[in-house]
Amino acid sequence: EAKYTIGISNTVQGNGWREEMICAMKAQALASGEVTKLNIAHRNTDAAGQLEDIRNLISAKVNAIVVNPADPAGIKSALEEATKAGIVVVAVDQAVTEPSAYIISNNQEQYAYLGAKWLFQQMGGKGDVVYMRGAAGASADSDRDKGFKKALAEFPDVKVVHEVFTGWQQDQGKQQILDFIATGSPFNGIWTSGIDNVIVDALVESQTPLVPVVGADNAGFVGQLNSVEGLVGAAVTNPGSIGGAGVTLALQILNGKKPAEQTVLVEPQLWENATEEGKAKLKGAADPSLSPEWPVSISIPDWTTYTKDQIIACKGPGE
Amino acid sequence: MSISAIQPVPFGRRLKRFMADRPLIPLIILLVMLVVILQVLRPGIVNERWLANTVKFAIPLAILAGCQTMTMLTGGIDLSVGTVATMSAFIMATQVVNHDPAVAILIALVPAVLIGLVNGIGVGVFRVHPLIMTLGTSLIGTGCLQVYQRTVIASGAKIPPFLAWLGTGLTYGVPNALLLFVPIAVLIVFTLNRTGFGRLLYAVGDNEGAARLSGVRYWQVITALYVISSVLAGITGLLYIGLIKAPSLSLAEPLVLPSVAAAVIGGTSIFGGRGGYTGTIIGALILTVLTTLLTILQMPEGARRILFGLIVLFVTAAYLRIIEDR
Amino acid sequence: MTTNPLLDATGVVKTYGAVVALRNASLSVLPGEVHALMGANGAGKSTLVKILTGAIRADAGHILIRGEARDVRSPADARRAGLLPVYQEPSLIPDLDVASNLRLTGTPVEPFRAWVRELGIPDLDIRDIARDIPLAVLRVLDLARALAVEPDVLLLDEMTAALPANLAEKVLEVVRRQGDSGRSVIFISHRFVEISALCDRATVLRDGETVGVVDIEPGVEERIVEMMLGARIEKTRVTSRQASQAASPGDSRPRLGVANLRVGTKLNDVSFDLANGEVAGVVALEGQGQDELFAALAGSIRPSGGTIEVDGQPVRFAHPADAIRAGIAYVPGDRTEALTMQRSVRENIALPFSAALRNWGPINMRQEGSRVVSAIERLQIDTRAQREVQRLSGGNQQKVTIARWIAAEAQTVLCFDPTRGIDVGTKQEIYKLLRELADQGKSVLFYTSELEEVQRVCDRVIVIFGGRVVDVFPVELADEPALMRAAYGLPRGAKEDVGILADIHSSPVAKP
Amino acid sequence: MTRLVRRQGWVAGLLVLFVVLLVITRLIQPGYGSGDFGSLVRAVLPYAFAVAAQTIVVIAGGIDLSVGAMMALTSVTAASMMDGASEEYALFVVPFVLAMGLVLGAVNGMLIVVTRVPDIVVTLATLFVLQGAALLVLGAPGGAVAEWLRATIIGTVPIPGLPGISAWIPKALVLLVVCLCIIWIPLKRSKLGLSIYAIGSSELAAFRSGVPVARTKIIAYALSGLFGAMGGLALTMSTGIGAPIPGPYLLASVAAVVLGGVALGGGKGGLLGPIVAVFVLRLVRTDLTLLAIDPNVTAIIEGAIMVAVVMFGAFITMRGRQ
Ligand SMILES: Nc1ncnc2c1ncn2[C@@H]1O[C@H](COP(=O)(O)OP(=O)(O)OP(=O)(O)O)[C@@H](O)[C@H]1O
Ligand SMILES: Nc1ncnc2c1ncn2[C@@H]1O[C@H](COP(=O)(O)OP(=O)(O)OP(=O)(O)O)[C@@H](O)[C@H]1O
Ligand SMILES: [Mg+2]
Ligand SMILES: [Mg+2]
């Protein structure tokens, strides 16, 4: 008994994580059987552009809007208008300030804290760490920075020897780490904001002694953690499938099943290859058939019901 | 004031004139200056390994800047090179899973040729402004790539070892990528200086009407040009994926603006008719060294960008000052 | 003569890198005089004008205006000081209409309109965009714009070079009256007729140096030529065309056959033949369809009717490349249309070699070099600034446009006013060259705005009026008055005097 | 004359296209009404200012790659100044930010004039500089905006007695028209405006006609900076925050300028065309969303429309010439 139209708004295009998120939304909408049509606004833009997209979705009279906000505060007015128009609003991946919106999100601060803490422990609580951030000025980046700094505060002997913004771009990240390696400065660990497999590549190619690396659960990096000789590292999950969870939440609300809290946080997990237990987890998670940019955590227990084939097919209802 | 016949030319002016006639020299001096600054800021960084890295990263930029140089000579610009490079890289990486690498590479270059052809016809026949034309095709290309991407999510991606060898490998400390780059560079320089086609690029960019009166068919030149530019961009994509080893949907996009900047820093006029490729290569090196310099400097990201902008401006201005014989 | 000069420049120096444009130029202009500035191509006339009017800055020199040293840093400054130039190239803003151009320079409209009418253009619409206006008219508008603000010193750089006879005449008339009314004019021209009809004194430049100031009086031309050309004098003795050089009309099939050619409304029904080894002159007033005729023959525009035959074969040109393949080369009147200004002399001359698809490959530099060099030598192009054509003087640029087709060995050359702005010495060379081409069996169609050239070069003259061929003269009958009459559409043998030239030269030839 | 007709014809054609698109929108979504039109105008607002900024320099023969960064910088400046400040303080912030845009734009122009580096490189360099400055002002999106400022683009202008029409006149539209006209119309009428067209058409001829080329160019860039600052304020007004990373305004502005009939290269065109082009492009976007087209296909469609319209324009021009 499909009956809902769901609007989706996303502001980063051409990034593996976001593509997976969109596919998860489509797959979940299809799997739920309750959605007639998805209306997706998916392009590279800023908060003002997202306002435009959300308003267009309101004009299209969708029943619910699932949005990955460009900025927590910047799209408040449109979300408010949506709620006023009787549309259920769910923000995924990041929180929004609009109180009427429901939020199901990866905990970015916790994401950084978890990985950084593990890394500093691996380094023996002291030494120099290379801190490779995301895009300067992005709110996810500043949330992660908070988590990283929190962990750093717990390890007074760990020093940030080098801090750069990769802009979440593989080529930049690789050149930056190679440049840094060339300076000859010693370092004991690398924390990356998701640009991870090129960093490992760079270490291997330049025959630098491997140091612990923390990255995200991207297929490429997870593969490296399993296969690269002597690499110690950890992948922190940051599932793009959160998009699917957002669709589920929206449908629950549409069906009158409101959650107890406005905000549901999906806590990240850490998969490391330093212990046998962790190795087993990593082995189980690895998925060489996925594009290296895609996170391997393609589903979230309790929140998504689609199959792997469905998310890979990336087809929504009516396609 | 009375004028004695011809005064001896002061040394400063002679030096300037000398440099003006050999515009490469001041550019090289600027490059060396940047390297020296880098070495002073981080003693020991300028080593063999660093040189190899710099060259590796400068090469893809230099080839794309070659596309810009050639199109800029005709008064155009090719903003689709980033998309084309990304497309060919991504398509190759995904096709190689099911096909022979050679076949995959051929498949990957098909869209490059197509986009070049569309660009060329749009600019040469319909006279659409190159900026708009190549921007449009790059949007279209990006869209197509995204649609394509969905069909291959399940198949995964692979980098043929040969490309990885070419992109990242060193032989006796010398990047293997030079094996590809040197012939390309020689070919471009030769084309621009010693072939009829090269002459026509300059002529068309300088005065299209004059070229027409001399019997040049504009659309032929332009179509050939944009196809060549696209194919070069496609090849760059293949090399770049060998270097980065991570196919993504925006792989080479960040190179587009620097490629334009490299050509301009190298002395090519965006209004057409003036410039050359050797300067562009140095321009690409300058930009690459500059990126390193800014990575190494520990300062807030904002300050880093400000510095980057100022240095680009300063380098270009200084260079123009030097080569201008006035 | 104790009057103080209005404008006094001494010791002006200007160098461009290795090229010395002005070595030691001086110029002194008295109130109320029309002062000629003369010199061979590249002597530095234009450079001096640009310096006097602030368009470029001199490296050294003193400039006094009304006895005071004034720092003229821009054309706007010059305008305030009462100096108004009309440069060798049109200065109207191409994308603005005439009215806006006037507003921009603060030129009063009514006086401007009056001047335009007086200068022989009755039907100007000042809402027309400058880009759409033909070159000759643009030049006149430039002049009218300068006149309208009543400048103390008017500087005219080859003002008449691009003008057809009827407009040139009007300009001369107006300029002469300027002198009469107490204003000064600096007048640059390569035409001695104009100088002697108009000017009081002449300053002669050679290689960037002032080599003399002479009063204009009968017979002074020879002296000026001597001063202008210095050592070059030997080469420039004019060999007037002799009857023996006339083409042998034995060849039956014409090289070029034009029948009932029509282009839009401008050209109606033009028919003529051009034989092998013939130089045919085309004479017309401004805007009688000669531009369209040449453009159509060159493949630049498509005719709306009629046929063109080359060597008896009907042809259709869709692009200049087609015409070039048929051996027809076109030298446009406006050199900026024909040259790639930032490229070298060599590349400009060699441009047609690479045009066709099959010649896109590697260039045989030696062969190209020798062809180019021989063309350069043949036209005596001053190659000191050959790295960029834009640094050549106007006249040398003009030569490059012709040299290109000499090097390309075109069978038929369409020359549209090729001697525009060329000094006497070079003019002779061009005449000789055209004759030589004809002697080698090539055909030349030669439009000129200087009627006296016709008799020196042509075998036959085709007169066009109102888009039709109104007369075809054998060269013997084509004296200036006869041509003038024909150009005005008057039947042969009509007796009225036409124009200023007929007045000045009260020679027996002019008034039979 | 024909040229004039052709140019105005282009603008008229764009207007017709816009109306046709509105009709199509009504067909796709019968409920599309005045409120939705208001949304459209608000979406247009930052783009329109970006385009105005670009138009003026393009007419002057340049190009400004720093528009987006200028908007980001002015936006974060405004947002961070108003953060936690009183409502009245915004009265000071707005002129301050506008003046900042004007000055920074003038700096752009001065750098071009003084260094003689081509516009595209200078503004590329200032793109990085302004972006860096924006990051220094605000490291991540944030800040706030005065409520009254926000209200100036929300809702419609009441016209007594004509509620039907007034619903179709959003305040944002009035703001846009006023801001553009207040600068553009006097400029277009003045000699300065003429000079801007003149330097774009031919710098040499303009110089020889006595136009102070350097000054005019600096003023053109300054005005561009001013429009950029308006765009930055518009961003802050609509989002309520400032974001240091520029949105997609640079390429959009260039595209709209060309679609609006302004020749890249300078000297030709007006402001109305590009502004209408922005409306058209935004409405196309709306229609694509309303139609729920596959998002990956929308990129293809938008690119194709851009190319097709410009090709069509080129085609007409060619036909017109023959
Ligand atoms: N921008 C420039 N760069 C280099 N050389 C130049 C430049 N402008 C002029 N020259 C050189 O200065 C000399 C004088 O040129 P100018 O244009 O004044 O000659 P002219 O007397 O006006 O000649 P013409 O009668 O052919 O117009 C020439 O040799 C020319 O090549
Ligand atoms: N954003 C706008 N919104 C509404 N009206 C505008 C806007 N911009 C310009 N106009 C109006 O449109 C008129 C024409 O604009 P514009 O200057 O772009 O046209 P133009 O084609 O350059 O002018 P001209 O008529 O001189 O050729 C202006 O005088 C103004 O009244
Ligand atoms: Mg001259
Ligand atoms: Mg002449």
# chains A, B, ... in the order shown; residues from 1 in each chain; ligands from 1

$ residues_around --residues "B:Ile184" --least-positions-apart "4" --cutoff "10 Å" --atoms "only C-alpha atoms" --output "VMD selection string"
chain B and resid 63 66 178 to 180 188 to 190 232

$ select_by_dssp --residues "stretch 179-256 of chain D" --states "helix (DSSP H, G or I)" --output "ChimeraX atom specification"
/D:179-189,191-201,203-208,213-239,249-256

$ write_last_selection --atoms "C-alpha atoms" --output "PDB file, in the first residue's frame"
ATOM      1  CA  CYS D 179      18.916  47.535  -5.466  1.00  0.00           C
ATOM      2  CA  LEU D 180      19.697  46.918  -9.116  1.00  0.00           C
ATOM      3  CA  CYS D 181      17.921  49.956 -10.507  1.00  0.00           C
ATOM      4  CA  ILE D 182      19.292  52.341  -7.931  1.00  0.00           C
ATOM      5  CA  ILE D 183      22.760  51.634  -9.268  1.00  0.00           C
ATOM      6  CA  TRP D 184      22.190  50.529 -12.819  1.00  0.00           C
ATOM      7  CA  ILE D 185      19.811  53.148 -14.161  1.00  0.00           C
ATOM      8  CA  PRO D 186      21.813  56.243 -13.152  1.00  0.00           C
ATOM      9  CA  LEU D 187      24.932  54.433 -14.276  1.00  0.00           C
ATOM     10  CA  LYS D 188      23.484  53.573 -17.661  1.00  0.00           C
ATOM     11  CA  ARG D 189      22.493  57.186 -18.143  1.00  0.00           C
ATOM     12  CA  LYS D 191      28.996  59.183 -18.901  1.00  0.00           C
ATOM     13  CA  LEU D 192      30.617  56.753 -16.520  1.00  0.00           C
ATOM     14  CA  GLY D 193      28.319  54.036 -17.781  1.00  0.00           C
ATOM     15  CA  LEU D 194      29.241  54.905 -21.327  1.00  0.00           C
ATOM     16  CA  SER D 195      32.892  54.778 -20.396  1.00  0.00           C
ATOM     17  CA  ILE D 196      32.436  51.296 -18.973  1.00  0.00           C
ATOM     18  CA  TYR D 197      30.985  50.116 -22.267  1.00  0.00           C
ATOM     19  CA  ALA D 198      33.765  51.954 -24.075  1.00  0.00           C
ATOM     20  CA  ILE D 199      36.662  50.308 -22.274  1.00  0.00           C
ATOM     21  CA  GLY D 200      35.006  46.966 -22.787  1.00  0.00           C
ATOM     22  CA  SER D 201      34.596  47.553 -26.472  1.00  0.00           C
ATOM     23  CA  GLU D 203      40.473  49.885 -24.520  1.00  0.00           C
ATOM     24  CA  LEU D 204      42.768  51.598 -26.995  1.00  0.00           C
ATOM     25  CA  ALA D 205      39.998  53.520 -28.691  1.00  0.00           C
ATOM     26  CA  ALA D 206      38.576  54.458 -25.306  1.00  0.00           C
ATOM     27  CA  PHE D 207      41.925  55.751 -24.123  1.00  0.00           C
ATOM     28  CA  ARG D 208      42.287  57.736 -27.294  1.00  0.00           C
ATOM     29  CA  VAL D 213      40.624  53.829 -18.650  1.00  0.00           C
ATOM     30  CA  ALA D 214      42.229  52.916 -15.344  1.00  0.00           C
ATOM     31  CA  ARG D 215      39.731  54.835 -13.273  1.00  0.00           C
ATOM     32  CA  THR D 216      36.774  53.475 -15.177  1.00  0.00           C
ATOM     33  CA  LYS D 217      37.991  49.927 -14.780  1.00  0.00           C
ATOM     34  CA  ILE D 218      38.504  50.378 -11.065  1.00  0.00           C
ATOM     35  CA  ILE D 219      35.016  51.785 -10.714  1.00  0.00           C
ATOM     36  CA  ALA D 220      33.547  48.889 -12.684  1.00  0.00           C
ATOM     37  CA  TYR D 221      35.209  46.419 -10.356  1.00  0.00           C
ATOM     38  CA  ALA D 222      34.198  48.444  -7.344  1.00  0.00           C
ATOM     39  CA  LEU D 223      30.570  48.328  -8.445  1.00  0.00           C
ATOM     40  CA  SER D 224      30.961  44.641  -9.040  1.00  0.00           C
ATOM     41  CA  GLY D 225      32.226  44.326  -5.494  1.00  0.00           C
ATOM     42  CA  LEU D 226      29.233  46.288  -4.300  1.00  0.00           C
ATOM     43  CA  PHE D 227      26.839  43.938  -6.072  1.00  0.00           C
ATOM     44  CA  GLY D 228      28.850  41.050  -4.675  1.00  0.00           C
ATOM     45  CA  ALA D 229      28.375  42.438  -1.180  1.00  0.00           C
ATOM     46  CA  MET D 230      24.639  42.721  -1.836  1.00  0.00           C
ATOM     47  CA  GLY D 231      24.756  39.080  -2.864  1.00  0.00           C
ATOM     48  CA  GLY D 232      26.595  38.203   0.332  1.00  0.00           C
ATOM     49  CA  LEU D 233      23.994  40.046   2.388  1.00  0.00           C
ATOM     50  CA  ALA D 234      21.257  38.279   0.456  1.00  0.00           C
ATOM     51  CA  LEU D 235      22.850  34.957   1.400  1.00  0.00           C
ATOM     52  CA  THR D 236      22.981  35.920   5.047  1.00  0.00           C
ATOM     53  CA  MET D 237      19.443  37.236   4.937  1.00  0.00           C
ATOM     54  CA  SER D 238      18.029  34.064   3.473  1.00  0.00           C
ATOM     55  CA  THR D 239      20.057  31.528   5.460  1.00  0.00           C
ATOM     56  CA  TYR D 249      27.749  31.379  -7.868  1.00  0.00           C
ATOM     57  CA  LEU D 250      30.798  31.944 -10.011  1.00  0.00           C
ATOM     58  CA  LEU D 251      30.023  29.573 -12.845  1.00  0.00           C
ATOM     59  CA  ALA D 252      26.318  30.299 -12.596  1.00  0.00           C
ATOM     60  CA  SER D 253      27.011  33.998 -12.962  1.00  0.00           C
ATOM     61  CA  VAL D 254      29.153  33.534 -16.049  1.00  0.00           C
ATOM     62  CA  ALA D 255      26.568  31.255 -17.606  1.00  0.00           C
ATOM     63  CA  ALA D 256      23.725  33.676 -16.931  1.00  0.00           C
TER      64      ALA D 256
END

$ residues_near_ligand --ligand "ligand 3" --cutoff "8 Å" --atoms "only C-alpha atoms and all ligand atoms" --output "JSON, numbers by chain"
{"C": [41, 42, 44, 45, 46, 47, 88, 157, 158, 393, 394, 395, 421]}

$ residues_near_ligand --ligand "ligand 2" --cutoff "9 Å" --atoms "only C-alpha atoms and all ligand atoms" --output "count of residues only"
29

$ interface_residues --of "chain B" --to "chain D" --cutoff "7 Å" --atoms "only C-alpha atoms" --output "list of chain:residue names"
B:Phe126, B:Arg127, B:Val128, B:Ile132, B:Met133, B:Gly136, B:Thr137, B:Leu139, B:Ile140, B:Gly143, B:Cys144, B:Gln146, B:Val147, B:Ala261, B:Glu301, B:Gly302, B:Ala303, B:Arg304, B:Arg305, B:Ile306, B:Phe308, B:Gly309, B:Leu310, B:Val312, B:Leu313, B:Thr316, B:Ala317

$ residues_around --residues "stretch 351-356 of chain C" --least-positions-apart "6" --cutoff "6 Å" --atoms "only C-alpha atoms" --output "list in words"
Gly196, Ser214, Gly215 and Val216 of chain B

$ write_last_selection --atoms "C-alpha atoms" --output "PDB file, in the first residue's frame"
ATOM      1  CA  GLY B 196      51.108  24.223 -39.960  1.00  0.00           C
ATOM      2  CA  SER B 214      44.376  33.465 -45.953  1.00  0.00           C
ATOM      3  CA  GLY B 215      42.191  30.458 -46.628  1.00  0.00           C
ATOM      4  CA  VAL B 216      42.016  28.988 -43.145  1.00  0.00           C
TER       5      VAL B 216
END

$ residues_near_ligand --ligand "ligand 1" --cutoff "9 Å" --atoms "only C-alpha atoms and all ligand atoms" --output "tab-separated table (two decimals) with N, CA and C atoms, in the first residue's frame"
chain	number	residue	atom	x	y	z
B	325	ASP	N	58.90	44.70	-22.69
B	325	ASP	CA	60.04	45.55	-23.05
B	325	ASP	C	59.60	46.99	-23.22
B	326	ARG	N	59.14	47.56	-22.11
B	326	ARG	CA	58.77	48.95	-22.23
B	326	ARG	C	59.33	49.75	-21.08
C	14	LYS	N	62.11	58.22	-28.75
C	14	LYS	CA	61.25	57.12	-28.31
C	14	LYS	C	61.84	55.81	-28.83
C	15	THR	N	62.10	54.90	-27.92
C	15	THR	CA	62.60	53.60	-28.36
C	15	THR	C	61.65	52.50	-27.89
C	16	TYR	N	61.56	51.50	-28.73
C	16	TYR	CA	60.81	50.30	-28.35
C	16	TYR	C	61.82	49.17	-28.33
C	17	GLY	N	62.29	48.82	-27.16
C	17	GLY	CA	63.31	47.79	-27.10
C	17	GLY	C	64.46	48.18	-28.00
C	18	ALA	N	64.75	47.31	-28.97
C	18	ALA	CA	65.89	47.59	-29.83
C	18	ALA	C	65.56	48.58	-30.94
C	19	VAL	N	64.26	48.79	-31.16
C	19	VAL	CA	63.88	49.65	-32.28
C	19	VAL	C	63.84	51.10	-31.82
C	20	VAL	N	64.53	51.95	-32.54
C	20	VAL	CA	64.47	53.37	-32.22
C	20	VAL	C	63.42	53.99	-33.14
C	21	ALA	N	62.27	54.33	-32.60
C	21	ALA	CA	61.21	54.89	-33.44
C	21	ALA	C	61.49	56.37	-33.70
C	22	LEU	N	61.89	57.07	-32.66
C	22	LEU	CA	62.26	58.48	-32.83
C	22	LEU	C	63.64	58.67	-32.20
C	38	MET	N	56.26	64.88	-43.00
C	38	MET	CA	56.51	63.92	-44.07
C	38	MET	C	57.64	62.99	-43.70
C	39	GLY	N	57.63	61.85	-44.36
C	39	GLY	CA	58.66	60.87	-44.09
C	39	GLY	C	58.26	59.54	-44.68
C	40	ALA	N	59.27	58.73	-44.96
C	40	ALA	CA	58.98	57.42	-45.53
C	40	ALA	C	58.27	56.57	-44.50
C	41	ASN	N	57.81	55.40	-44.92
C	41	ASN	CA	57.16	54.51	-43.97
C	41	ASN	C	58.12	54.17	-42.85
C	42	GLY	N	57.63	54.29	-41.64
C	42	GLY	CA	58.47	53.95	-40.50
C	42	GLY	C	59.40	55.07	-40.07
C	43	ALA	N	59.24	56.25	-40.65
C	43	ALA	CA	60.11	57.36	-40.27
C	43	ALA	C	59.79	57.84	-38.86
C	44	GLY	N	58.58	57.56	-38.39
C	44	GLY	CA	58.24	57.94	-37.03
C	44	GLY	C	57.16	59.01	-36.94
C	45	LYS	N	56.44	59.22	-38.01
C	45	LYS	CA	55.42	60.27	-38.01
C	45	LYS	C	54.31	59.96	-37.00
C	46	SER	N	53.79	58.76	-37.13
C	46	SER	CA	52.69	58.40	-36.23
C	46	SER	C	53.17	58.42	-34.79
C	47	THR	N	54.37	57.94	-34.57
C	47	THR	CA	54.90	57.93	-33.21
C	47	THR	C	54.95	59.35	-32.65
C	48	LEU	N	55.38	60.28	-33.47
C	48	LEU	CA	55.46	61.67	-33.01
C	48	LEU	C	54.07	62.21	-32.67
C	49	VAL	N	53.12	61.91	-33.53
C	49	VAL	CA	51.76	62.38	-33.26
C	49	VAL	C	51.27	61.80	-31.95
C	50	LYS	N	51.53	60.52	-31.74
C	50	LYS	CA	51.05	59.88	-30.51
C	50	LYS	C	51.71	60.52	-29.29
C	88	GLN	N	45.99	57.31	-37.10
C	88	GLN	CA	46.00	56.54	-38.34
C	88	GLN	C	44.92	55.45	-38.33
C	157	ASP	N	46.68	62.20	-38.99
C	157	ASP	CA	47.65	61.19	-39.40
C	157	ASP	C	47.09	60.38	-40.56
C	158	GLU	N	47.59	60.64	-41.74
C	158	GLU	CA	47.15	59.96	-42.97
C	158	GLU	C	45.63	59.91	-43.04
C	188	ILE	N	49.60	64.77	-42.02
C	188	ILE	CA	50.49	63.70	-42.49
C	188	ILE	C	49.86	63.05	-43.70
C	189	SER	N	50.64	62.96	-44.77
C	189	SER	CA	50.12	62.31	-45.96
C	189	SER	C	51.30	61.89	-46.82
C	190	HIS	N	51.07	60.88	-47.61
C	190	HIS	CA	52.11	60.50	-48.56
C	190	HIS	C	51.82	61.05	-49.96
C	205	LEU	N	60.86	63.94	-41.73
C	205	LEU	CA	61.49	62.99	-40.81
C	205	LEU	C	62.18	61.89	-41.61
C	206	ARG	N	63.34	61.51	-41.16
C	206	ARG	CA	63.94	60.30	-41.73
C	206	ARG	C	64.52	59.48	-40.58
C	207	ASP	N	64.16	58.22	-40.54
C	207	ASP	CA	64.63	57.31	-39.49
C	207	ASP	C	64.55	57.94	-38.10
C	208	GLY	N	63.43	58.55	-37.84
C	208	GLY	CA	63.20	59.08	-36.50
C	208	GLY	C	63.88	60.39	-36.19
C	382	ASP	N	60.81	46.75	-43.99
C	382	ASP	CA	61.70	47.10	-42.89
C	382	ASP	C	61.48	46.08	-41.78
C	383	THR	N	62.46	45.20	-41.58
C	383	THR	CA	62.22	44.08	-40.66
C	383	THR	C	62.87	44.28	-39.29
C	384	ARG	N	63.14	45.53	-38.95
C	384	ARG	CA	63.78	45.74	-37.66
C	384	ARG	C	62.89	45.26	-36.52
C	385	ALA	N	61.60	45.46	-36.67
C	385	ALA	CA	60.69	45.07	-35.60
C	385	ALA	C	59.87	43.87	-36.03
C	386	GLN	N	60.53	42.89	-36.67
C	386	GLN	CA	59.74	41.85	-37.32
C	386	GLN	C	59.17	40.81	-36.37
C	388	GLU	N	57.01	41.21	-34.16
C	388	GLU	CA	55.57	41.41	-34.09
C	388	GLU	C	55.17	42.42	-35.14
C	389	VAL	N	54.22	42.03	-35.96
C	389	VAL	CA	53.82	42.93	-37.04
C	389	VAL	C	53.25	44.24	-36.51
C	390	GLN	N	52.64	44.19	-35.32
C	390	GLN	CA	52.02	45.42	-34.82
C	390	GLN	C	53.06	46.50	-34.53
C	391	ARG	N	54.32	46.10	-34.43
C	391	ARG	CA	55.34	47.12	-34.18
C	391	ARG	C	55.87	47.75	-35.46
C	392	LEU	N	55.50	47.18	-36.58
C	392	LEU	CA	55.91	47.81	-37.84
C	392	LEU	C	55.12	49.09	-38.03
C	393	SER	N	55.66	49.99	-38.84
C	393	SER	CA	54.90	51.18	-39.16
C	393	SER	C	53.76	50.78	-40.10
C	394	GLY	N	52.79	51.69	-40.21
C	394	GLY	CA	51.62	51.39	-41.02
C	394	GLY	C	51.98	50.93	-42.43
C	395	GLY	N	52.88	51.64	-43.04
C	395	GLY	CA	53.24	51.32	-44.42
C	395	GLY	C	53.88	49.95	-44.56
C	396	ASN	N	54.74	49.63	-43.62
C	396	ASN	CA	55.38	48.32	-43.69
C	396	ASN	C	54.39	47.19	-43.44
C	397	GLN	N	53.42	47.48	-42.59
C	397	GLN	CA	52.37	46.48	-42.39
C	397	GLN	C	51.64	46.23	-43.70
C	398	GLN	N	51.36	47.32	-44.39
C	398	GLN	CA	50.66	47.20	-45.66
C	398	GLN	C	51.45	46.32	-46.63
C	421	GLY	N	48.53	54.86	-47.65
C	421	GLY	CA	49.48	55.13	-46.58
C	421	GLY	C	50.86	54.59	-46.84
C	422	ILE	N	51.25	54.56	-48.08
C	422	ILE	CA	52.61	54.09	-48.39
C	422	ILE	C	53.40	55.26	-48.95
C	423	ASP	N	54.66	55.35	-48.57
C	423	ASP	CA	55.44	56.51	-49.03
C	423	ASP	C	55.78	56.40	-50.51

$ residues_near_ligand --ligand "ligand 4" --cutoff "8 Å" --atoms "only C-alpha atoms and all ligand atoms" --output "VMD selection string"
chain C and resid 161 to 162 190 to 191 417 to 423 427 449 to 450

$ residues_around --residues "B:Gly283" --least-positions-apart "2" --cutoff "7 Å" --atoms "only C-alpha atoms" --output "ChimeraX atom specification"
/B:262-263,265-266,279-281,285-287

$ interface_residues --of "chain A" --to "chain D" --cutoff "9 Å" --atoms "only C-alpha atoms" --output "PyMOL selection string"
chain A and resi 7+13+37-49+51-53+55-61+71-77+136-139+141-142

$ interface_residues --of "chain A" --to "chain B" --cutoff "10 Å" --atoms "only C-alpha atoms" --output "number ranges by chain"
A: 13-16, 19-20, 23, 135-137, 161-165, 169-185, 195, 197-199, 201-202, 205-206, 219-220, 287-294, 308-309, 311-315

$ closest_residue --among "C:Leu6, C:Ile301, C:Leu261, C:Val270" --to "chain D" --atoms "only C-alpha atoms"
C:Ile301

$ atom_distance --atom1 "atom CA of B:Val182" --atom2 "atom CA of B:Gly116"
23.2 Å

$ residues_around --residues "C:Ala99" --least-positions-apart "3" --cutoff "9 Å" --atoms "only C-alpha atoms" --output "JSON, numbers by chain"
{"C": [96, 102, 103, 104, 109, 125, 126, 127, 128, 129]}

$ interface_residues --of "chain C" --to "chain D" --cutoff "9 Å" --atoms "only C-alpha atoms" --output "ChimeraX atom specification"
/C:54-55,74-79,85,87,90-96,100-101,103-105,127-129

$ closest_residue --among "C:Arg468, C:Arg176, C:Arg66, C:Arg325" --to "chain B" --atoms "only C-alpha atoms"
C:Arg325

$ select_by_dssp --residues "stretch 54-200 of chain B" --states "strand (DSSP E)" --output "list in words"
Leu170, Thr171, Val174 and Pro175 of chain B

$ atom_distance --atom1 "atom CA of C:Asp269" --atom2 "atom CA of C:Val283"
16.4 Å
